[in-house]
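Have a look at the structure below before the remarks.
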Amino acid sequence: MVTRNVVFSAQPSASRANLAIMKRLAWVQRLQTITQAGLTYTRDPYDRQRYEQLQELTAEIAASLAKPSDEPWLELIRAEKGYATPKVDVRAVVAQNDKLLFMRESHDSLWSLPGGWADIGESPSQIAEREVQEETGFEVKASKLLAVYDKARHAHPPEFWYCYKLFVRCELRGGAPARGLETLDTGFFGVNEIPPLSTPRVTEAQVRRMFEHLANPELPTDFD
């Protein structure tokens, strides 16, 4: 997808500096939501000009917190159209012999459950199945929605895009380990051997909760 996974410098802790960054990030998100809605619904050319100026201010504030890796902030912000809603990230939970499938991200050399941003035109189950195949080489079949999390309520590093995270149980059907464009390695790990995690994507608490779902398939879907 076009959307960048722009993570801010603060780590998910309760330090005073981190809380200050998270507070400013919340301001940026609110400004972005207001300006995007305003540009969507206004018919007054003068109001449109004011909302565009507010977008520029939003980009300046965002740039003071973090620099995107590819595009200037104003271009990232103006690329979003229509009424602002949360992004959706889909993660696949694939089990084999009481272990879960992980992939090592090329971006930061850390590990995550397979997945990524949701694409328009695909259902969550289709996205989970495709991401597993592309990132790990395995063929799977989605079987259950395990969790829907508000990313801001979990111990992820602060991020510009407001996001919901979907965790989808997938049954292993075939295939063989393979590396993709975003994958350095793949492997199955047990609950007591969780590898170093890419926390913008998954947290240890989330992974451990997925192991609980694996151990007790009758658990209902989690949601915030």
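To be explicit about the labels: the chains of the structure tokens are called A, B, and onward in the order shown, and within each one the residues are counted from 1, while ligands get numbers from 1 in the order they are shown.
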
Once you count only C-alpha atoms, what closest atom pair and distance in Å to one decimal does each residue of range 139-181 of chain A within 10 Å of range 114-128 of chain A have, with rows by chain and rising residue number, as CSV?
```
residue,atom,partner,partner_atom,distance
A:Val140,CA,A:Ala128,CA,8.6
A:Lys141,CA,A:Ser125,CA,7.9
A:Ala142,CA,A:Ser125,CA,5.3
A:Ser143,CA,A:Ser125,CA,7.9
A:Lys144,CA,A:Ser125,CA,8.6
A:Leu145,CA,A:Ser125,CA,8.5
A:Cys163,CA,A:Trp117,CA,9.5
A:Lys165,CA,A:Trp117,CA,9.2
A:Leu166,CA,A:Pro124,CA,7.9
A:Phe167,CA,A:Ala128,CA,8.6
A:Val168,CA,A:Ala128,CA,6.8
A:Arg169,CA,A:Ala128,CA,8.7
A:Cys170,CA,A:Ala128,CA,7.7
```

Serialized selection, N, CA and C atoms, as a short mmCIF file (atom, residue, chain, number, x, y, z; two decimals), in the first residue's frame:
```
data_model
loop_
_atom_site.label_atom_id
_atom_site.label_comp_id
_atom_site.auth_asym_id
_atom_site.auth_seq_id
_atom_site.Cartn_x
_atom_site.Cartn_y
_atom_site.Cartn_z
N VAL A 140 -1.78 -21.04 3.62
CA VAL A 140 -2.65 -21.16 4.80
C VAL A 140 -4.09 -20.85 4.42
N LYS A 141 -5.00 -21.21 5.33
CA LYS A 141 -6.41 -20.91 5.18
C LYS A 141 -6.89 -20.22 6.45
N ALA A 142 -7.41 -19.00 6.30
CA ALA A 142 -7.91 -18.26 7.46
C ALA A 142 -9.12 -18.96 8.05
N SER A 143 -9.19 -19.02 9.40
CA SER A 143 -10.26 -19.77 10.04
C SER A 143 -11.00 -19.01 11.14
N LYS A 144 -10.36 -18.00 11.77
CA LYS A 144 -11.04 -17.32 12.87
C LYS A 144 -10.39 -15.96 13.14
N LEU A 145 -11.22 -14.97 13.43
CA LEU A 145 -10.72 -13.67 13.88
C LEU A 145 -10.47 -13.76 15.38
N CYS A 163 -4.54 3.35 14.05
CA CYS A 163 -4.60 2.02 13.45
C CYS A 163 -5.36 1.03 14.32
N LYS A 165 -5.67 -3.19 14.71
CA LYS A 165 -4.91 -4.38 14.36
C LYS A 165 -5.82 -5.61 14.44
N LEU A 166 -5.86 -6.39 13.37
CA LEU A 166 -6.64 -7.61 13.30
C LEU A 166 -5.69 -8.81 13.34
N PHE A 167 -5.96 -9.75 14.26
CA PHE A 167 -5.19 -10.98 14.33
C PHE A 167 -6.08 -12.13 13.87
N VAL A 168 -5.65 -12.83 12.81
CA VAL A 168 -6.47 -13.84 12.16
C VAL A 168 -5.79 -15.21 12.28
N ARG A 169 -6.49 -16.17 12.87
CA ARG A 169 -5.98 -17.54 12.94
C ARG A 169 -6.00 -18.15 11.54
N CYS A 170 -4.90 -18.78 11.15
CA CYS A 170 -4.80 -19.41 9.84
C CYS A 170 -4.27 -20.83 10.00
#
```

Residues flagged strand (DSSP E or B) by DSSP in range 128-159 of chain A, as a PyMOL selection string: chain A and resi 138-150+159

Sorted per-residue table, range 56-166 of chain A near range 28-46 of chain A, closest atoms and distance, 10 Å, only C-alpha atoms, as a tab-separated table:
```
residue	atom	partner	partner_atom	distance
A:Leu57	CA	A:Leu31	CA	8.9
A:Thr58	CA	A:Val28	CA	5.9
A:Ala59	CA	A:Val28	CA	8.3
A:Glu60	CA	A:Val28	CA	9.7
A:Ile61	CA	A:Val28	CA	6.9
A:Ala62	CA	A:Val28	CA	6.5
A:Leu65	CA	A:Val28	CA	9.9
A:Ile77	CA	A:Gln32	CA	7.4
A:Arg78	CA	A:Gln36	CA	8.3
A:Glu80	CA	A:Gln36	CA	7.4
A:Lys81	CA	A:Gln36	CA	6.7
A:Gly82	CA	A:Thr40	CA	5.3
A:Tyr83	CA	A:Ala37	CA	5.0
A:Ala84	CA	A:Thr33	CA	5.5
A:Thr85	CA	A:Thr33	CA	8.2
A:Glu159	CA	A:Gln29	CA	9.6
A:Phe160	CA	A:Gln29	CA	6.8
A:Trp161	CA	A:Gln29	CA	7.4
A:Tyr162	CA	A:Gln29	CA	7.5
```

Using backbone DSSP assignments, extract all helix (DSSP H, G or I) residues from range 169-222 of chain A; output them as a list in words.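 Going through range 169-222 of chain A, the helix (DSSP H, G or I) residues come out as Glu204, Ala205, Gln206, Val207, Arg208, Arg209, Met210, Phe211, Glu212, His213, Leu214 and Ala215 of chain A.
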
Which of these, A:Gln49, A:Ser64, A:Asn192, A:Gln206, has the shortest distance to Asp98 in chain A once you count only C-alpha atoms? A:Asn192
